[in-house]
Each structure stands twice: as C-alpha cells, then as structure tokens.
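For reference, run.txt (compact mmCIF, C-alpha atoms):
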```txt
# COMPACT_ATOMS: atom_id res chain seq x y z
CA MET A 1 12.03 18.44 -8.01
CA ALA A 2 11.75 21.15 -5.30
CA HIS A 3 8.16 21.79 -6.37
CA SER A 4 7.44 18.05 -6.13
CA LYS A 5 8.88 17.86 -2.61
CA ARG A 6 6.83 20.86 -1.50
CA ALA A 7 3.73 19.26 -2.97
CA ARG A 8 4.37 15.99 -1.12
CA ARG A 9 4.94 17.92 2.13
CA ALA A 10 1.71 19.86 1.68
CA SER A 11 -0.16 16.66 0.86
CA LEU A 12 1.18 14.95 3.98
CA ALA A 13 0.22 17.87 6.23
CA SER A 14 -3.26 18.03 4.68
CA ALA A 15 -3.75 14.32 5.19
CA ALA A 16 -2.72 14.67 8.84
CA ALA A 17 -5.15 17.51 9.40
CA LEU A 18 -8.07 15.70 7.74
CA THR A 19 -7.40 12.44 9.53
CA LEU A 20 -7.01 14.03 12.95
CA ALA A 21 -10.09 16.22 12.52
CA ALA A 22 -12.17 13.08 12.06
CA THR A 23 -11.16 11.66 15.42
CA ALA A 24 -11.92 12.78 18.97
CA PRO A 25 -9.08 13.47 21.44
CA ALA A 26 -8.11 10.26 23.14
CA ALA A 27 -7.18 9.36 26.69
CA PHE A 28 -3.51 8.72 27.40
CA ALA A 29 -2.24 5.44 26.10
CA CYS A 30 1.11 4.12 27.15
CA PRO A 31 3.72 4.59 24.39
CA LEU A 32 5.62 1.60 23.09
CA PRO A 33 8.59 0.65 25.28
CA THR A 34 11.76 2.25 24.01
CA GLY A 35 14.29 0.89 26.50
CA GLN A 36 15.66 4.33 27.25
CA VAL A 37 13.85 7.64 27.73
CA GLY A 38 16.43 10.40 28.04
CA GLY A 39 18.69 9.37 30.90
CA ILE A 40 16.09 7.09 32.55
CA LEU A 41 16.10 3.38 31.83
CA ALA A 42 12.64 1.93 31.20
CA SER A 43 12.09 -1.63 32.38
CA SER A 44 9.26 -4.19 32.60
CA GLY A 45 7.82 -2.81 29.36
CA CYS A 46 7.09 0.55 30.98
CA LEU A 47 8.13 4.13 30.64
CA ASP A 48 9.01 5.98 33.83
CA GLY A 49 5.63 6.72 35.40
CA CYS A 50 3.83 4.29 33.06
CA GLY A 51 1.82 1.45 34.50
CA PRO A 52 2.55 -0.19 37.88
CA ALA A 53 4.56 1.65 40.48
CA ASP A 54 7.37 -0.90 40.29
CA CYS A 55 8.02 0.15 36.68
CA ASN A 56 9.33 3.53 37.85
CA THR A 57 13.13 3.30 37.81
CA SER A 58 13.89 6.96 38.46
CA LYS A 59 16.07 7.43 41.54
CA SER A 60 17.04 10.50 43.55
CA THR A 61 19.87 10.95 45.99
CA THR A 62 20.77 13.60 48.55
CA THR A 63 23.90 15.65 48.19
CA SER A 64 25.16 19.10 49.14
CA GLY A 65 25.30 22.37 47.27
CA ALA A 66 28.14 24.85 47.65
CA GLY A 67 28.38 25.77 51.29
CA GLY A 68 26.72 22.58 52.60
CA ASP A 69 23.01 23.39 52.21
CA ASN A 70 20.75 20.36 51.95
CA THR A 71 20.25 19.74 48.24
CA THR A 72 18.24 17.10 46.41
CA PHE A 73 19.85 15.96 43.18
CA GLY A 74 18.02 13.77 40.64
CA ALA A 75 20.47 11.08 39.56
CA GLY A 76 18.28 10.12 36.61
CA GLY A 77 18.68 13.39 34.71
CA ARG A 78 19.34 13.96 31.01
CA GLY A 79 23.10 13.69 31.43
CA GLY A 80 23.81 17.33 30.59
CA VAL A 81 24.32 20.37 32.76
CA PRO A 82 21.33 21.37 34.91
CA PHE A 83 18.80 23.93 33.69
CA GLU A 84 19.48 26.98 35.86
CA ILE A 85 17.00 29.31 37.53
CA SER A 86 18.42 32.28 39.43
CA MET A 87 17.08 33.50 42.76
CA VAL A 88 17.70 37.19 42.08
CA ASP A 89 16.71 39.35 45.05
CA PHE A 90 12.94 38.68 45.07
CA SER A 91 12.41 36.95 41.72
CA PHE A 92 12.97 33.60 40.05
CA LEU A 93 14.54 34.05 36.60
CA PRO A 94 13.50 32.65 34.19
CA ASN A 95 10.11 32.68 35.86
CA THR A 96 8.06 30.23 33.75
CA PRO A 97 10.44 28.10 31.66
CA ILE A 98 9.38 25.11 29.57
CA ILE A 99 11.78 22.22 30.03
CA LYS A 100 12.05 18.70 28.59
CA PRO A 101 11.28 15.65 30.74
CA ASN A 102 14.27 14.13 32.53
CA THR A 103 15.86 17.50 33.24
CA VAL A 104 17.56 18.54 36.48
CA VAL A 105 16.62 22.11 37.45
CA ARG A 106 19.13 24.00 39.57
CA TRP A 107 18.02 27.03 41.58
CA ASN A 108 21.05 29.26 42.20
CA ASN A 109 20.81 31.90 44.91
CA THR A 110 22.55 34.81 43.19
CA SER A 111 21.29 37.39 45.70
CA GLN A 112 24.00 39.21 47.59
CA PHE A 113 22.33 39.30 50.99
CA PHE A 114 19.08 37.30 51.08
CA GLN A 115 18.32 33.68 51.86
CA HIS A 116 15.60 32.02 49.77
CA THR A 117 13.73 28.76 49.40
CA THR A 118 12.22 26.97 46.43
CA THR A 119 9.23 25.11 47.80
CA ARG A 120 6.33 23.09 46.45
CA THR A 121 4.90 20.98 49.25
CA PRO A 122 5.03 17.99 49.22
CA THR A 123 6.89 17.67 45.89
CA TRP A 124 10.10 19.44 46.93
CA ASP A 125 11.45 21.85 49.53
CA SER A 126 14.96 23.25 49.42
CA GLY A 127 15.05 24.55 52.94
CA LEU A 128 17.09 27.74 53.38
CA VAL A 129 19.44 28.42 50.47
CA ASN A 130 22.16 30.91 51.33
CA PRO A 131 23.66 33.38 48.82
CA GLY A 132 26.05 31.51 46.53
CA ASN A 133 24.41 28.12 47.17
CA PHE A 134 22.02 26.06 45.06
CA PHE A 135 19.26 23.43 45.12
CA ASP A 136 18.67 20.73 42.47
CA HIS A 137 15.49 18.84 41.63
CA ASN A 138 15.02 16.24 38.89
CA PHE A 139 11.86 16.45 36.77
CA THR A 140 11.46 12.91 35.41
CA ALA A 141 9.42 11.40 32.58
CA ALA A 142 6.61 10.96 35.11
CA ASN A 143 6.36 14.76 35.41
CA ALA A 144 5.88 15.30 31.67
CA GLY A 145 2.84 17.37 30.75
CA PHE A 146 2.49 19.26 34.03
CA ALA A 147 3.17 22.80 35.26
CA TYR A 148 4.62 22.99 38.77
CA ASP A 149 4.03 26.23 40.67
CA TYR A 150 6.38 26.97 43.56
CA VAL A 151 7.24 29.79 45.97
CA CYS A 152 9.90 31.21 48.22
CA THR A 153 8.41 30.77 51.68
CA LEU A 154 10.44 33.70 53.02
CA HIS A 155 9.24 36.40 50.62
CA PHE A 156 5.59 37.04 49.76
CA GLY A 157 4.97 37.21 46.02
CA MET A 158 8.21 35.45 45.05
CA GLU A 159 6.74 32.73 42.85
CA GLY A 160 7.62 30.71 39.75
CA THR A 161 6.45 27.83 37.57
CA VAL A 162 8.39 24.98 35.98
CA ASN A 163 6.57 23.64 32.91
CA VAL A 164 7.60 20.10 32.00
CA THR A 165 6.57 19.55 28.41
CA LEU A 166 5.08 16.46 26.80
CA PHE A 167 6.97 13.87 24.78
CA GLY A 168 6.38 14.94 21.19
CA ASP A 169 6.67 18.70 21.78
CA ALA A 170 9.57 19.36 19.41
CA ASN A 171 9.37 23.17 19.45
CA LEU A 172 8.88 23.41 23.25
CA ASP A 173 5.73 25.54 23.09
CA GLY A 174 3.90 23.38 25.64
CA ARG A 175 1.60 21.52 23.21
CA VAL A 176 1.82 18.68 20.71
CA ASN A 177 0.29 19.46 17.32
CA LEU A 178 0.89 19.48 13.57
CA ASN A 179 3.90 21.78 13.94
CA ASP A 180 5.64 19.05 15.92
CA PHE A 181 4.45 16.34 13.54
CA ASN A 182 5.93 18.25 10.61
CA VAL A 183 9.29 18.44 12.41
CA LEU A 184 9.24 14.68 12.98
CA ALA A 185 8.12 14.04 9.38
CA SER A 186 10.96 16.10 7.93
CA ASN A 187 13.51 14.09 9.96
CA PHE A 188 11.85 10.68 9.85
CA GLY A 189 14.38 7.91 9.23
CA GLN A 190 17.35 10.17 9.96
CA SER A 191 20.17 9.62 12.46
CA ASN A 192 22.16 12.01 14.67
CA ARG A 193 19.05 14.05 15.48
CA THR A 194 18.00 15.90 18.66
CA TRP A 195 14.74 16.34 20.56
CA GLU A 196 14.11 19.55 18.62
CA GLN A 197 14.35 17.48 15.41
CA GLY A 198 11.92 14.78 16.53
CA ASP A 199 14.15 12.41 18.54
CA PHE A 200 11.92 12.28 21.62
CA ASN A 201 13.44 9.18 23.22
CA GLU A 202 16.89 10.62 22.56
CA ASP A 203 18.46 7.52 21.05
CA GLY A 204 19.89 9.53 18.13
CA ASN A 205 17.34 8.28 15.58
CA VAL A 206 13.94 9.55 14.46
CA ASN A 207 11.75 6.50 13.93
CA LEU A 208 8.50 4.78 14.96
CA ASN A 209 9.41 4.95 18.66
CA ASP A 210 9.42 8.75 18.45
CA PHE A 211 6.28 8.70 16.31
CA ASN A 212 4.47 6.65 18.97
CA LEU A 213 5.49 9.10 21.70
CA LEU A 214 4.14 12.01 19.65
CA ALA A 215 0.96 10.12 18.72
CA ALA A 216 0.18 9.28 22.37
CA ASN A 217 0.25 13.00 23.23
CA PHE A 218 -1.16 14.53 20.04
CA GLY A 219 -3.59 17.37 20.77
CA LYS A 220 -2.54 17.66 24.42
CA GLU A 221 -0.87 20.56 26.21
CA ILE A 222 0.73 21.23 29.58
CA GLN A 223 -1.75 21.22 32.48
CA PRO A 224 -1.42 22.55 36.06
CA ALA A 225 -0.15 19.86 38.40
CA GLY A 226 -2.01 19.03 41.56
CA PRO A 227 -0.16 18.05 44.75
CA GLY A 228 1.94 14.99 44.03
CA THR A 229 0.66 14.79 40.45
CA THR A 230 2.36 12.60 37.88
CA ILE A 231 1.10 11.11 34.65
CA THR A 232 -0.51 7.70 35.09
CA PHE A 233 -0.62 5.55 31.99
CA GLY A 234 -3.32 2.88 31.91
CA PHE A 235 -3.64 -0.67 30.72
CA GLY A 236 -0.82 -2.06 32.83
CA GLY A 237 1.90 -0.45 30.71
CA GLU A 238 0.74 -1.94 27.41
CA PHE A 239 0.42 0.15 24.27
CA VAL A 240 -3.26 0.37 23.29
CA PRO A 241 -3.95 2.33 20.10
CA GLU A 242 -6.55 5.06 20.62
CA PRO A 243 -8.50 6.81 17.81
CA THR A 244 -6.05 9.70 17.46
CA THR A 245 -3.09 7.33 17.51
CA LEU A 246 -4.69 5.12 14.89
CA ALA A 247 -5.33 8.17 12.72
CA LEU A 248 -1.69 9.18 12.87
CA MET A 249 -0.61 5.63 12.12
CA LEU A 250 -2.33 5.91 8.74
CA LEU A 251 0.42 8.38 7.86
CA VAL A 252 3.29 6.00 8.61
CA PRO A 253 3.44 4.56 5.05
CA ALA A 254 3.59 8.12 3.69
CA LEU A 255 6.47 8.96 6.04
CA THR A 256 8.37 5.84 4.98
CA ALA A 257 7.78 6.47 1.28
CA ARG A 258 8.85 10.08 1.69
CA ARG A 259 12.12 8.97 3.30
CA ARG A 260 12.86 6.54 0.44
CA LYS A 261 12.23 9.16 -2.25
CA SER A 262 14.23 11.99 -0.64
```

Please, can you express the file's structure as structure tokens?
Amino acid sequence: MAHSKRARRASLASAAALTLAATAPAAFACPLPTGQVGGILASSGCLDGCGPADCNTSKSTTTSGAGGDNTTFGAGGRGGVPFEISMVDFSFLPNTPIIKPNTVVRWNNTSQFFQHTTTRTPTWDSGLVNPGNFFDHNFTAANAGFAYDYVCTLHFGMEGTVNVTLFGDANLDGRVNLNDFNVLASNFGQSNRTWEQGDFNEDGNVNLNDFNLLAANFGKEIQPAGPGTTITFGFGGEFVPEPTTLALMLLVPALTARRRKS
C-alpha cells in the first residue's frame, strides 16, 4: 500500500512536470473569486487589487504607537499579531523577510538612543520613530509578488526589503513551483489546514479555490516593486484560463481521485 501511494505521488508529480513543460509561462489571470482572501473581503467578483479600482476593499486607518508617534495601521490585516522588524541601532532585523499577503508589518525601534524612520516614498513613511515606539504598515493582497525596498532617512546605509510572496507559495521561498503544488496535492480535499499546507485563501480548506490561486501564479517569483506598484489583474476581474492554468487543470481529476483513494 505504501509503495502504491508513493507510485501515485511520483506519477502525479511527473505528469505535472510534463504538462507544464509543454506550456509557455502565462500572463497573470485573475483567480476565481473566493469571497475572502486572508482578512480582506473580496467583493464584485474581484480579489483585492484585481480588476477595477472599486473592487479594492482594503482599508487603512491612522492610529498612534507607544509614545504618540504617527503610525499607519492596516485594518485589513491577517487577524494575527503583526510581523515584527526591529530597528536595532543602524540595522533592520530581519533585513529581507518573506511575508504572506495581508500581513501587518510592525517596525519596533529597539535602539536605546537613536531615532529612526522606515520610509519608501510614496508607499509609506513613518516619520520619526523614537526609541520604544513603533510603526505599522499593512501589505495587502494587492502587494503580493513584489519586493519593497525601504530606508531609514536618518542613517546612510540603513536599508531593508519586505518581500510579499505570491498566492500559492506554500513554503515561502518567494516562488511558486512544483514544490508548492506537491504540498497542495498532499492536502487536497482536507480541512483545518494552513497556508503552509496549501490553504492559500485561508478558509480552512484545501480545494479548487486554492488550486486556482496557485495555478494563476505558477512559475512566477517575487519581483522588485516600482514606486506605487501593485499587481493589476486583467479582464475586468474575470477568471480567464491561460495555457499554464489549463495545463494544471488537467491534474484536477488526479487530485480528486487521489483524495478518494487515500
């Protein structure tokens, strides 16, 4: 039985490789509407950042960090605690993290004496952050797939990058490939799963919605963001199968059959 399962897994991976090799990388197509992407509600048949501007439902508000510094907080975050980056003397640590879309990043000034900023004009600017204070910024679904360089404007050479990964990147290595597909395949049809197990829309289930998110990004990796860059999905927010997506869809019956037999 174990040998049979390994054989089916190897056959599925081989089929994926052969099918994908026969197709050219495709332009972005808008994934199927899922209703909810992380903590951001998708409406009008669109993902956040997908299709017309009025489809974007991500909101930000202004609040205060400890000590009253001006702080921007993304209200549409993933619902968990913020991902923290420390301003330690003259460094940002971690310096080049890879985060999931819909994550609030919090820069904490843990220096004892020095003020700092976290600045990427015009995307965000913390202003002066005093020791013991913080600044929050929400990286939404529209930021997925881009690397955002930023600096402290007070200290030359104090730089960092926030890498917002693509939907479908289960292992958070910055690219969507067969490794991620295999994770999704091994959890396909299962409940109570996480992003790292293939639940990319974070509804607790690994199903065709997650498969479509992975398929739309298959073969892509994080790219440097230009000023004000966000992903723009075409075709008015409608899902249009591209060659790579169609190739992956040929594997859907195999995924379903595998789930029934396991």

As JSON, please: the centre and edge lengths in Å, to one decimal, of an axis-aligned box enclosing every listed atom of stretch 189-208 of chain A with 5 Å added on each side.
```
{"center_x": 15.3, "center_y": 12.2, "center_z": 16.2, "size_x": 23.7, "size_y": 24.8, "size_z": 24.0}
```

**OP:** Would you list the contacts of A:Arg175 as a VMD selection string, taking every protein, DNA or RNA residue within 7 Å and counting all atoms listed in the file, but skipping same-chain residues closer than 5 positions in sequence?
**Re:** chain A and resid 169 220 to 222

Original post:
atom CA of A:Phe139 and atom CA of A:Trp107 are how many Å apart?
Top reply: 13.2 Å

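Closest approach to A:Ala185 among A:Phe211, A:Phe113, A:Phe156, A:Phe200: A:Phe211, based on all atoms listed in the file.
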
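Distances from A:Asn109, A:Gln197, A:Asn192, A:Ser186 to A:Ser126 were compared using all atoms listed in the file, and the smallest one belongs to A:Asn109.
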
**OP:** Kindly extract all protein, DNA and RNA residues lying within 9 Å of the coordinates (4.8, 12.1, 20.5) given in the file, considering all atoms listed in the file, and supply them as a list of chain:residue names.
**Re:** A:Pro31, A:Leu166, A:Phe167, A:Gly168, A:Asp169, A:Ala170, A:Val176, A:Asp180, A:Phe181, A:Gly198, A:Phe200, A:Asn209, A:Asp210, A:Phe211, A:Asn212, A:Leu213, A:Leu214, A:Ala215, A:Ala216, A:Asn217, A:Phe218

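Within 12 Å of A:Gly157, once all atoms listed in the file are used and residues closer than 6 positions along the same chain are dropped, the contacting residues are Asp89, Phe90, Ser91, Phe92, Tyr150 and Val151 of chain A.
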
Subject >> Distance in Å - atom CA of A:Val129 versus atom CA of A:Val162 >> reply: 18.5 Å

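Of note, atom CA of A:Gly189 and atom CA of A:Gly174 are spaced 24.9 Å apart.
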
Subject >> Minimum-distance residue to A:Pro94, chosen among A:Phe146, A:Asp125, A:Leu208, A:Asn163 (using all atoms listed in the file) >> reply: A:Asn163

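The shortest atom-to-atom distance to A:Asn95, with all atoms listed in the file taken into account, belongs to A:Glu159 out of A:Glu159, A:Trp195, A:Asp203, A:Thr165.
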
**OP:** Show which residues sit within 7 Å of A:Arg193, as a VMD selection string. Count all atoms listed in the file, and ignore same-chain residues fewer than 2 positions away.
**Re:** chain A and resid 190 to 191 197 199 204 to 206

Please save C-alpha atoms of the selected residues as a tab-separated table (two decimals), in the frame of the given file.
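Dumped to part27.tsv:
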```tsv
chain	number	residue	atom	x	y	z
A	190	GLN	CA	17.35	10.17	9.96
A	191	SER	CA	20.17	9.62	12.46
A	197	GLN	CA	14.35	17.48	15.41
A	199	ASP	CA	14.15	12.41	18.54
A	204	GLY	CA	19.89	9.53	18.13
A	205	ASN	CA	17.34	8.28	15.58
A	206	VAL	CA	13.94	9.55	14.46
```

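Residue nearest A:Ile99 within the list A:Ala142, A:Leu172, A:Ile85, A:Ala225: A:Leu172 [criterion: smallest interatomic distance, all atoms listed in the file].
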